Every structure is written in structure tokens, then in C-alpha cells.
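S.K.: One structure is given below, represented as C-alpha cells, and several questions about it will come after.
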Amino acid sequence: MHNGGFGLSRRSLLRNSALGAGAAAVGVPLLAACGSSASASGGVSSKGLKTSLPDYVPLAAGTKPDIPSVTGVNGALTDPGYLNYPTNLVKTVSQVPGSGGSYSAITPLWGSIPTAGNAYYQAIDKALGAHLAVNPANGNTYNNTIPTLVAGNKLPDWIQLPSWWNASLNVGELAAGKFADLTSHLSGSNIRKYPNLAAIPSGGWEAGAWEGKLYGIPSFVTGQAFAGALYFRKDVFDAKGIDPADVKSADDLYQLGAELTAPKANVWAFDVLWLMIQQIYKVPSGGFFVQDGKVHSGFESPQMIPALEFAYKLAKSGYVHPDALANDTSNATQRFYSGKELVQPGGTGGWNVMDAQSGRAANPAYVRGAFPLFASDGSTPTIALGPSTSEISYLNKNLSSSQIEECLRIADYLAAPFGSYEYTLINYGVEGADWSMGAAGPTYTATGQKEANEQTYQFLASPQSVVSNPGYSSITQAYCAWSAAAVKQAYKPTFWNMNVTVPSRYSSVSTAQEVNDIITQVTCGTKAVGDFQAALKTWKSSGGDAMVAWYQTNVYDIYGAGQ
């Protein structure tokens, strides 16, 4: 699978896969608190972080990918592809990293929590040369668990905080008051003491930075964090002799709808395509855009109205499945598998082994494909980069300098590259006891399934994500080829990878819920574009304009756009 369970958390996979039918434009990016929630201080940007960022030093040794990373534009970088799991497990850490220390840690877990002190945990402690007491907590309630620890002054030595909770957990405030500043340990050439950490792309470190300082250790970093792709049933297209590369504009896509739709056969061309229509029409991603030095809401971009008009036109065309128009997103994937819908938007995390297996269970001929990028008017397409990661861990400020260095050596071990000896131990456990090597790579034993199959240590540190689909090499090849083309068209949205402080008075207006609800209805054909314009006018006068002005003065004018 994509990142094959080898680099992408189950939670991240679910979040990426869920992007699709009902997705609406968001008025502003996810906002992160830094200092008090009422603080008026700004954020951080690549410009402010330049002297603090670690050197990026790709590994010279280690496992060699079958499909190397491709460098794109604006910092985009594809994840390397592996057609098979390496059988020669190269060691990348020459010495035991720990020096006998003992550390507590907490991570979220969206799965069954393993028994504490099991043999797998003991094997990891032995390899690390330290006792790392990882305490996985229920990921579904993790955002409630952390405030309790903070209130009781019981934060562990090492803690993982998903960035989508930055605002509600006041992570910026925690960074300044509770977490260790790692800048002197990791900035510039200092990180070269930790070769596996140095091989993590720079964007990952930006995601864990606050006010120009490095606090976070990133996991599951990617240089191709795209919101999604426009997928099609490749098996059906092949049978019909349709080449998706012939779709080069919005008009071509609309005409394809007529060719594919056959209501009497219970087949419609499209799901609601709003997620990808925004990309096709170049609606600014991230909620803002800058023109002539002025910050504007993405809702007001010149591309927004034409994009909505096309979405409404599709909704009224008869080419969109009726259940999709009824905003039924729960059955969208099954409609695609069964061939009732032939074109669908979706997160890139859903293009993997599990998708192939589920699709083929519904139809043995099932093959997923993705359209090459195209623009609405046939011009050069673009695609926005998302955050380099949403998984960041932090060390407790109370640790001594020597303890921090020991933890960083441990993190370097945890960040060993895909297919290495260390990676295999962390992800699969001990050979024989927890896994055995099969044709498609390590296969868990019954014990390994219970003790080593849940991601815990990976949330503290992990290597750059990879693309790997054991037993389904054609998926890896297709996904890597699509990504290699996409990174050549990538751009950084306004305030990309920036952690921004926002006053609490804008917490409601920042969601723009009323506007987004209208957008969903327009894309489903139950509201008109004029309704969006009316909702936008209300949002602007109810605080939207004031929030944009705050971003202008407190973020852009001081820190730039993060581009």
C-alpha cells in the first residue's frame, strides 16, 4: 500500500482517504496557538527559520529504492518507491544509541493497545540501550487526554501531538513553556550527528517549529503532500478505449460525463468533484492568497466563482450519481468499486493495497487510475502542497542536555530508513518471534499481530514516507509515475507549513462554516452561486474581513507568506 503501513499512520491514511465528495473550500488554514489564545503575536515562516533549520542530507547508504525520489519545484519531492521489501536488512546505526536512560512517552493509537511490557517492547528497549516506556492512548479521545496531563503537570518525557489539534491543545504555548528547544541540537550541521534524522526533508522540521525555534521531531514526512487526485476506473476506461490524458480542460471533463453516463445501466460518470474542481480551476489552497502585497481570503479569488459555476453545472448535468448529489459520502467508495461511479476525487493515501483488495472483491477486474493534472482552460496545471507532516513529537523541557541528546540518538534509530534492520525491528519486531519473511515482505506471526503490529514508536520519529505495495507492484509504479509528474507542477500555498497564532475572537469565523455549508449545497445543485455570494458577504462583515486584516498585519507583513 502507499506507505504500506510502513510509514503512514492509520489515522493519516483515513484522513487522506476521506477527502472527496463533500469536501468544501475552507476559509482559512488550520490555526495553531502560540502563546496565550488571545495573543496577537504572529507565526513563523521559512524566511524566519532559515538559520534554524537542520541540513537536509539524504542517506548515502541504506536500502536503495526501486523508484528513486524525484525533485520537483518549490520544494516538492516524491516519496521513493519500493516494488518489494528489501531482503538484505542493512544496519544504519553502528552503535547502541542509548546510555541506560529511562523515559516515559505517550502517543495516540487508533487500534488495539498492546499489553505493557510485552516481549516486543523489551526487544526494542534492548536495541535502544534505554527504557522507553511508550504509553499508547486512545487516538479518538487523545485531544481530551492531553489537557488532563497538562493541568496535572504530568506531561511525560516525550509526547506526540498531531498538528490538527495544535489550536485546541495550545501547542504553541506548550512549546514555549513545557517543551525542549532543540534548535542548538539540530540546526544546520548539528543534525549531522544523527544521519537518519538529517535525511528527513526540511518541510518536516518546519512543521514542528514555533517562533523561529525547533521544538518538534517529525514523523511520516513527505514532500508530496497533495490533497488528492482525480481517480477513474482504469479497467473500465481501458475497455472503452478512453485515454484519460485526452482530458485537458473542464470542457473535456464535462464531455466525458456524457460519454460515461448510462442511467439505465445504473452507471454515472461522476461523484461530486469539488475537491478536484478547486485544483483544476486553481482556487488558492489554504484559505488565503496574496496579490500585490495584500492578503485576501481564498473565497474571494477570481477563480472561485468559475469553479463553483462549473460544479453547479455538473450537478445539474445528469452525469453525477444521485446519491452523491444527496451528499451521501458514506457509500462513495463502494459506488466506485461497483462501477456505479467511474470518476471520483479522493486522498492520495487511498491508492494502495487495501484499495486494490477491496475493489477486486467487488469486481475482479478493478483497477484504480488517476488523471494526469490538467487545468480548466487547458493551460499549465498546478497542484498545492499540503503540510509536510501532521505528526510531531516533543521532548520535555525538564530533561537535561545529555538526556535530550540520548533521546535524539534514540529518535535517529527510530528514523532508520524503510527496509533497514532498525526499521524492520521497529515496525515488525523480532524475526521468528514476531514475523517471518514472505514473498511480499515480513509477515506477522500471531504474537507479532498482537504485540508489534500497532504503531507506537513510529509516532515519536520515523523516516521519510515511502510508496510500497507488497504484491502489487503495479500500484507503486502507477502512483510514483503520477507523483513524479505532479511535483513538477507543485506550489506552496500562502502560509504553507507555518504555525500561526490567532486571537480567540476569530476562532468561530476562521471555520467559515456557514460559507462552506453553502458551497457544499452549490456543488450538490441545491443552492445557486448567488447564495454563496450572499453567504460570503455576511461572513466578511461578521469578522471575515477583520481576520484577513489581522493576518495581513500580524503575519504576512512580519513573516511573509511561507512560500
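The chains in the C-alpha cells are called A, B, ... from first to last as shown; in each chain the residues are counted from 1, and the ligands are counted from 1 in the order shown.
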DSSP on the backbone, strand (DSSP E or B) only: what residues of range 286-401 of chain A does that give? Format it as a PyMOL selection string.
M.R.: chain A and resi 288-291+294-297+320+341-346+368-370+383-384+391-396
S.K.: Ranking A:Pro470, A:Pro302, A:Gly100, A:Pro463 by minimum distance to Gly441 in chain A and counting only C-alpha atoms, which one comes first?
M.R.: A:Pro470
S.K.: How many Å separate CA of Phe459 in chain A from CA of Leu149 in chain A?
M.R.: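 Atom-to-atom, CA of Phe459 in chain A to CA of Leu149 in chain A, that is 18.4 Å.
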S.K.: Excluding Phe237 in chain A and its own-chain neighbours fewer than 2 positions away, which residues fall within 12 Å of it when counting only C-alpha atoms? Please give them as an mmCIF file with all heavy atoms, in the first residue's frame.
M.R.:
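Okay, part37.cif is ready:
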```cif
data_model
loop_
_atom_site.group_PDB
_atom_site.id
_atom_site.type_symbol
_atom_site.label_atom_id
_atom_site.label_comp_id
_atom_site.auth_asym_id
_atom_site.auth_seq_id
_atom_site.Cartn_x
_atom_site.Cartn_y
_atom_site.Cartn_z
ATOM 1 N N TYR A 231 -9.560 10.399 -9.543
ATOM 2 C CA TYR A 231 -9.423 8.981 -9.867
ATOM 3 C C TYR A 231 -10.447 8.533 -10.901
ATOM 4 O O TYR A 231 -11.523 9.122 -11.029
ATOM 5 C CB TYR A 231 -9.592 8.136 -8.599
ATOM 6 C CG TYR A 231 -8.479 8.310 -7.594
ATOM 7 C CD1 TYR A 231 -8.726 8.881 -6.341
ATOM 8 C CD2 TYR A 231 -7.179 7.903 -7.884
ATOM 9 C CE1 TYR A 231 -7.716 9.027 -5.408
ATOM 10 C CE2 TYR A 231 -6.159 8.055 -6.956
ATOM 11 C CZ TYR A 231 -6.436 8.622 -5.726
ATOM 12 O OH TYR A 231 -5.420 8.772 -4.816
ATOM 13 N N PHE A 232 -10.106 7.458 -11.604
ATOM 14 C CA PHE A 232 -11.031 6.856 -12.561
ATOM 15 C C PHE A 232 -10.871 5.347 -12.531
ATOM 16 O O PHE A 232 -9.848 4.814 -12.086
ATOM 17 C CB PHE A 232 -10.779 7.395 -13.981
ATOM 18 C CG PHE A 232 -9.432 7.025 -14.557
ATOM 19 C CD1 PHE A 232 -9.282 5.902 -15.364
ATOM 20 C CD2 PHE A 232 -8.307 7.802 -14.300
ATOM 21 C CE1 PHE A 232 -8.045 5.558 -15.896
ATOM 22 C CE2 PHE A 232 -7.063 7.470 -14.825
ATOM 23 C CZ PHE A 232 -6.934 6.339 -15.622
ATOM 24 N N ARG A 233 -11.892 4.663 -13.003
ATOM 25 C CA ARG A 233 -11.845 3.208 -13.109
ATOM 26 C C ARG A 233 -11.039 2.842 -14.356
ATOM 27 O O ARG A 233 -11.550 2.827 -15.472
ATOM 28 C CB ARG A 233 -13.259 2.641 -13.170
ATOM 29 C CG ARG A 233 -13.944 2.552 -11.817
ATOM 30 C CD ARG A 233 -13.330 1.440 -10.939
ATOM 31 N NE ARG A 233 -13.463 0.152 -11.577
ATOM 32 C CZ ARG A 233 -14.490 -0.677 -11.392
ATOM 33 N NH1 ARG A 233 -15.466 -0.322 -10.587
ATOM 34 N NH2 ARG A 233 -14.538 -1.827 -12.019
ATOM 35 N N LYS A 234 -9.774 2.548 -14.162
ATOM 36 C CA LYS A 234 -8.878 2.291 -15.291
ATOM 37 C C LYS A 234 -9.321 1.080 -16.104
ATOM 38 O O LYS A 234 -9.225 1.074 -17.342
ATOM 39 C CB LYS A 234 -7.448 2.094 -14.795
ATOM 40 C CG LYS A 234 -6.419 1.949 -15.919
ATOM 41 C CD LYS A 234 -5.015 1.830 -15.372
ATOM 42 C CE LYS A 234 -3.989 1.802 -16.499
ATOM 43 N NZ LYS A 234 -4.213 0.734 -17.473
ATOM 44 N N ASP A 235 -9.823 0.061 -15.436
ATOM 45 C CA ASP A 235 -10.265 -1.131 -16.161
ATOM 46 C C ASP A 235 -11.418 -0.803 -17.106
ATOM 47 O O ASP A 235 -11.469 -1.281 -18.248
ATOM 48 C CB ASP A 235 -10.663 -2.244 -15.184
ATOM 49 C CG ASP A 235 -11.693 -1.776 -14.164
ATOM 50 O OD1 ASP A 235 -11.478 -0.721 -13.542
ATOM 51 O OD2 ASP A 235 -12.718 -2.466 -13.983
ATOM 52 N N ALA A 239 -11.332 -0.708 -21.279
ATOM 53 C CA ALA A 239 -12.290 -1.485 -22.059
ATOM 54 C C ALA A 239 -13.036 -0.618 -23.071
ATOM 55 O O ALA A 239 -13.394 -1.079 -24.164
ATOM 56 C CB ALA A 239 -13.292 -2.172 -21.125
ATOM 57 N N LYS A 240 -13.234 0.651 -22.717
ATOM 58 C CA LYS A 240 -13.943 1.569 -23.606
ATOM 59 C C LYS A 240 -12.997 2.305 -24.561
ATOM 60 O O LYS A 240 -13.446 3.079 -25.416
ATOM 61 C CB LYS A 240 -14.726 2.601 -22.783
ATOM 62 C CG LYS A 240 -15.916 2.030 -22.019
ATOM 63 C CD LYS A 240 -16.596 3.120 -21.207
ATOM 64 C CE LYS A 240 -17.857 2.603 -20.523
ATOM 65 N NZ LYS A 240 -18.927 2.311 -21.512
ATOM 66 N N GLY A 241 -11.694 2.089 -24.387
ATOM 67 C CA GLY A 241 -10.732 2.763 -25.240
ATOM 68 C C GLY A 241 -10.589 4.244 -24.945
ATOM 69 O O GLY A 241 -10.254 5.037 -25.839
ATOM 70 N N ILE A 242 -10.835 4.644 -23.693
ATOM 71 C CA ILE A 242 -10.758 6.047 -23.302
ATOM 72 C C ILE A 242 -9.390 6.327 -22.688
ATOM 73 O O ILE A 242 -8.960 5.635 -21.764
ATOM 74 C CB ILE A 242 -11.862 6.395 -22.291
ATOM 75 C CG1 ILE A 242 -13.242 6.189 -22.923
ATOM 76 C CG2 ILE A 242 -11.709 7.828 -21.790
ATOM 77 C CD1 ILE A 242 -14.387 6.353 -21.937
ATOM 78 N N ASP A 243 -8.711 7.334 -23.188
ATOM 79 C CA ASP A 243 -7.416 7.737 -22.657
ATOM 80 C C ASP A 243 -7.624 8.949 -21.753
ATOM 81 O O ASP A 243 -8.014 10.021 -22.229
ATOM 82 C CB ASP A 243 -6.453 8.095 -23.795
ATOM 83 C CG ASP A 243 -5.057 8.435 -23.304
ATOM 84 O OD1 ASP A 243 -4.853 8.500 -22.079
ATOM 85 O OD2 ASP A 243 -4.169 8.629 -24.160
ATOM 86 N N PRO A 244 -7.377 8.813 -20.443
ATOM 87 C CA PRO A 244 -7.606 9.954 -19.542
ATOM 88 C C PRO A 244 -6.732 11.155 -19.877
ATOM 89 O O PRO A 244 -7.086 12.288 -19.544
ATOM 90 C CB PRO A 244 -7.263 9.380 -18.164
ATOM 91 C CG PRO A 244 -6.378 8.206 -18.448
ATOM 92 C CD PRO A 244 -6.869 7.632 -19.739
ATOM 93 N N ALA A 245 -5.603 10.930 -20.544
ATOM 94 C CA ALA A 245 -4.731 12.047 -20.916
ATOM 95 C C ALA A 245 -5.372 12.960 -21.951
ATOM 96 O O ALA A 245 -4.915 14.090 -22.165
ATOM 97 C CB ALA A 245 -3.402 11.514 -21.441
ATOM 98 N N ASP A 246 -6.445 12.491 -22.588
ATOM 99 C CA ASP A 246 -7.161 13.331 -23.554
ATOM 100 C C ASP A 246 -8.003 14.398 -22.874
ATOM 101 O O ASP A 246 -8.479 15.333 -23.533
ATOM 102 C CB ASP A 246 -8.053 12.467 -24.454
ATOM 103 C CG ASP A 246 -7.260 11.609 -25.429
ATOM 104 O OD1 ASP A 246 -6.098 11.970 -25.714
ATOM 105 O OD2 ASP A 246 -7.791 10.583 -25.891
ATOM 106 N N LEU A 256 -16.746 14.122 -21.201
ATOM 107 C CA LEU A 256 -16.530 12.748 -20.767
ATOM 108 C C LEU A 256 -17.731 12.248 -19.974
ATOM 109 O O LEU A 256 -18.087 11.066 -20.044
ATOM 110 C CB LEU A 256 -15.263 12.659 -19.920
ATOM 111 C CG LEU A 256 -14.888 11.280 -19.374
ATOM 112 C CD1 LEU A 256 -14.561 10.316 -20.524
ATOM 113 C CD2 LEU A 256 -13.698 11.391 -18.419
ATOM 114 N N GLU A 259 -20.253 10.780 -22.179
ATOM 115 C CA GLU A 259 -19.817 9.507 -22.750
ATOM 116 C C GLU A 259 -19.946 8.355 -21.763
ATOM 117 O O GLU A 259 -20.242 7.216 -22.149
ATOM 118 C CB GLU A 259 -18.358 9.639 -23.209
ATOM 119 C CG GLU A 259 -17.812 8.413 -23.927
ATOM 120 C CD GLU A 259 -16.426 8.638 -24.487
ATOM 121 O OE1 GLU A 259 -15.921 9.788 -24.418
ATOM 122 O OE2 GLU A 259 -15.823 7.671 -24.990
ATOM 123 N N LEU A 260 -19.762 8.635 -20.483
ATOM 124 C CA LEU A 260 -19.715 7.561 -19.481
ATOM 125 C C LEU A 260 -21.065 7.278 -18.826
ATOM 126 O O LEU A 260 -21.294 6.169 -18.336
ATOM 127 C CB LEU A 260 -18.706 7.923 -18.385
ATOM 128 C CG LEU A 260 -17.235 7.985 -18.790
ATOM 129 C CD1 LEU A 260 -16.397 8.453 -17.599
ATOM 130 C CD2 LEU A 260 -16.739 6.626 -19.270
ATOM 131 N N ALA A 269 -21.161 8.970 -14.504
ATOM 132 C CA ALA A 269 -19.748 9.303 -14.699
ATOM 133 C C ALA A 269 -19.078 9.725 -13.400
ATOM 134 O O ALA A 269 -17.979 9.270 -13.077
ATOM 135 C CB ALA A 269 -19.620 10.421 -15.736
ATOM 136 N N GLY A 339 -18.693 0.130 -9.786
ATOM 137 C CA GLY A 339 -18.804 0.661 -11.137
ATOM 138 C C GLY A 339 -20.018 1.534 -11.366
ATOM 139 O O GLY A 339 -20.340 1.861 -12.510
ATOM 140 N N LEU A 342 -17.696 6.257 -12.070
ATOM 141 C CA LEU A 342 -16.450 5.917 -12.751
ATOM 142 C C LEU A 342 -15.353 6.949 -12.560
ATOM 143 O O LEU A 342 -14.188 6.671 -12.868
ATOM 144 C CB LEU A 342 -16.718 5.726 -14.252
ATOM 145 C CG LEU A 342 -17.737 4.626 -14.586
ATOM 146 C CD1 LEU A 342 -17.967 4.555 -16.089
ATOM 147 C CD2 LEU A 342 -17.283 3.277 -14.048
ATOM 148 N N VAL A 343 -15.689 8.120 -12.043
ATOM 149 C CA VAL A 343 -14.706 9.168 -11.782
ATOM 150 C C VAL A 343 -15.008 9.746 -10.396
ATOM 151 O O VAL A 343 -16.154 10.095 -10.106
ATOM 152 C CB VAL A 343 -14.757 10.281 -12.842
ATOM 153 C CG1 VAL A 343 -13.763 11.395 -12.502
ATOM 154 C CG2 VAL A 343 -14.461 9.715 -14.224
ATOM 155 N N ALA A 365 -11.966 -7.315 -11.964
ATOM 156 C CA ALA A 365 -11.227 -6.545 -12.974
ATOM 157 C C ALA A 365 -10.785 -5.187 -12.459
ATOM 158 O O ALA A 365 -10.061 -4.468 -13.161
ATOM 159 C CB ALA A 365 -12.086 -6.361 -14.220
ATOM 160 N N TYR A 366 -11.173 -4.823 -11.255
ATOM 161 C CA TYR A 366 -10.979 -3.481 -10.727
ATOM 162 C C TYR A 366 -9.524 -3.020 -10.774
ATOM 163 O O TYR A 366 -8.618 -3.709 -10.311
ATOM 164 C CB TYR A 366 -11.469 -3.415 -9.282
ATOM 165 C CG TYR A 366 -11.161 -2.121 -8.572
ATOM 166 C CD1 TYR A 366 -11.986 -1.016 -8.711
ATOM 167 C CD2 TYR A 366 -10.035 -2.013 -7.758
ATOM 168 C CE1 TYR A 366 -11.710 0.171 -8.054
ATOM 169 C CE2 TYR A 366 -9.745 -0.821 -7.098
ATOM 170 C CZ TYR A 366 -10.593 0.263 -7.252
ATOM 171 O OH TYR A 366 -10.312 1.436 -6.606
ATOM 172 N N VAL A 367 -9.314 -1.812 -11.324
ATOM 173 C CA VAL A 367 -8.019 -1.130 -11.284
ATOM 174 C C VAL A 367 -8.285 0.363 -11.125
ATOM 175 O O VAL A 367 -9.082 0.945 -11.874
ATOM 176 C CB VAL A 367 -7.173 -1.365 -12.551
ATOM 177 C CG1 VAL A 367 -5.839 -0.620 -12.436
ATOM 178 C CG2 VAL A 367 -6.936 -2.847 -12.799
ATOM 179 N N ARG A 368 -7.632 0.977 -10.151
ATOM 180 C CA ARG A 368 -7.738 2.425 -9.944
ATOM 181 C C ARG A 368 -6.669 3.133 -10.773
ATOM 182 O O ARG A 368 -5.519 2.708 -10.841
ATOM 183 C CB ARG A 368 -7.552 2.763 -8.470
ATOM 184 C CG ARG A 368 -7.612 4.257 -8.144
ATOM 185 C CD ARG A 368 -7.329 4.512 -6.663
ATOM 186 N NE ARG A 368 -8.406 3.998 -5.824
ATOM 187 C CZ ARG A 368 -9.434 4.717 -5.387
ATOM 188 N NH1 ARG A 368 -9.546 5.996 -5.730
ATOM 189 N NH2 ARG A 368 -10.367 4.169 -4.620
ATOM 190 N N GLY A 369 -7.044 4.243 -11.370
ATOM 191 C CA GLY A 369 -6.089 5.109 -12.050
ATOM 192 C C GLY A 369 -6.342 6.545 -11.658
ATOM 193 O O GLY A 369 -7.373 6.872 -11.067
ATOM 194 N N ALA A 370 -5.402 7.427 -11.970
ATOM 195 C CA ALA A 370 -5.556 8.852 -11.659
ATOM 196 C C ALA A 370 -5.286 9.678 -12.908
ATOM 197 O O ALA A 370 -4.336 9.421 -13.643
ATOM 198 C CB ALA A 370 -4.608 9.267 -10.539
ATOM 199 N N PHE A 371 -6.155 10.655 -13.160
ATOM 200 C CA PHE A 371 -5.966 11.542 -14.298
ATOM 201 C C PHE A 371 -4.648 12.313 -14.169
ATOM 202 O O PHE A 371 -4.304 12.770 -13.066
ATOM 203 C CB PHE A 371 -7.098 12.573 -14.367
ATOM 204 C CG PHE A 371 -8.389 12.056 -14.911
ATOM 205 C CD1 PHE A 371 -9.302 11.410 -14.091
ATOM 206 C CD2 PHE A 371 -8.705 12.223 -16.253
ATOM 207 C CE1 PHE A 371 -10.513 10.946 -14.577
ATOM 208 C CE2 PHE A 371 -9.920 11.766 -16.758
ATOM 209 C CZ PHE A 371 -10.817 11.111 -15.927
#
```
S.K.: Quick one: residues within 9 Å of Phe310 in chain A, only C-alpha atoms, excluding same-chain residues fewer than 3 positions away - as number ranges by chain?
M.R.: A: 250, 277, 305-307, 313-315, 523
S.K.: Run DSSP on the backbone and tell me which residues of range 309-380 of chain A come out as helix (DSSP H, G or I); list them as a PyMOL selection string.
M.R.: chain A and resi 309-315+322-325+332-337+348-350+353-362
S.K.: Could you state the separation of CA of Val467 in chain A and CA of Ala76 in chain A in Å, given to one decimal place?
M.R.: 15.6 Å
S.K.: List the neighbours of Pro108 in chain A out to 12 Å using only C-alpha atoms; skip same-chain residues closer than 5 positions along the sequence, and give me the result as a ChimeraX atom specification.
M.R.: /A:9-12,113,134-146,159-162,391-393,454-460
S.K.: At what distance in Å, to one decimal, does CA of Ala415 in chain A lie from CA of Val93 in chain A?
M.R.: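 According to the coordinates, CA of Val93 in chain A and CA of Ala415 in chain A are separated by 10.2 Å.
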S.K.: Which one is closest to Leu385 in chain A: A:Ala535, A:Ala133, A:Val487, A:Cys524? Count only C-alpha atoms.
M.R.: A:Val487
S.K.: Which residues, written as a short mmCIF file (atom, residue, chain, number, x, y, z; two decimals) with C-alpha atoms, in the first residue's frame, have at least one atom at most 8 Å from range 416-429 of chain A, with only C-alpha atoms counted and residues fewer than 2 positions away on the same chain left out?
M.R.:
```
data_model
loop_
_atom_site.label_atom_id
_atom_site.label_comp_id
_atom_site.auth_asym_id
_atom_site.auth_seq_id
_atom_site.Cartn_x
_atom_site.Cartn_y
_atom_site.Cartn_z
CA PHE A 6 5.34 1.21 6.73
CA GLY A 62 20.96 2.06 3.34
CA THR A 63 18.26 0.50 1.28
CA TYR A 85 10.52 -5.33 0.66
CA PRO A 86 14.34 -5.44 0.90
CA THR A 87 15.68 -8.85 1.88
CA ASN A 88 19.13 -7.58 2.84
CA LEU A 89 18.38 -5.71 6.06
CA VAL A 90 21.17 -3.13 6.15
CA LYS A 91 22.13 -1.70 9.55
CA THR A 92 22.23 2.11 9.55
CA VAL A 93 23.07 2.69 13.25
CA TYR A 120 8.31 -6.72 21.57
CA ALA A 123 13.31 -6.21 22.40
CA ILE A 124 13.10 -2.54 21.43
CA ASN A 196 18.76 9.28 9.82
CA ASP A 412 17.74 8.70 14.98
CA TYR A 413 17.35 4.94 15.44
CA LEU A 414 13.56 5.20 15.10
CA GLU A 431 12.30 -12.23 13.28
CA ALA A 433 9.02 -14.46 17.20
CA ASP A 434 7.03 -11.59 15.62
CA TRP A 435 7.44 -12.08 11.87
CA PRO A 442 7.68 -9.51 6.56
CA TYR A 444 3.43 -11.11 11.28
CA GLY A 448 3.55 -10.15 16.28
CA ALA A 452 4.20 -5.43 17.16
CA ASN A 453 1.50 -4.52 14.64
CA GLN A 455 2.21 1.98 15.55
CA TYR A 457 7.37 4.22 18.40
CA GLN A 458 6.74 5.46 14.86
CA SER A 462 10.12 7.88 11.63
CA PRO A 463 11.83 8.19 8.24
CA GLN A 464 10.59 9.91 5.12
CA VAL A 466 7.79 5.68 1.00
#
```
S.K.: Which of these residues is nearest to Leu399 in chain A, using only C-alpha atoms: A:Phe179, A:Ala528, A:Asn166, A:Tyr121?
M.R.: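 The closest residue to Leu399 in chain A is A:Phe179.
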S.K.: Show which residues sit within 10 Å of Ala175 in chain A, as a list in words. Count only C-alpha atoms, and ignore same-chain residues fewer than 6 positions away.
M.R.: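 Once the nearby chain positions are removed, what remains is Cys34, Gly35, Asp181, Gly208, Ala209, Trp210, Glu211, Lys213, Leu214, Tyr215, Gly216, Tyr394, Leu395, Asn396 and Lys397 of chain A.
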S.K.: Point out the residue among A:Pro54, A:Pro65, A:Gly257, A:Gly75 with the least atom-to-atom distance to Pro195 in chain A, counting only C-alpha atoms.
M.R.: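 Of A:Pro54, A:Pro65, A:Gly257, A:Gly75, the one nearest Pro195 in chain A is A:Pro54, counting only C-alpha atoms.
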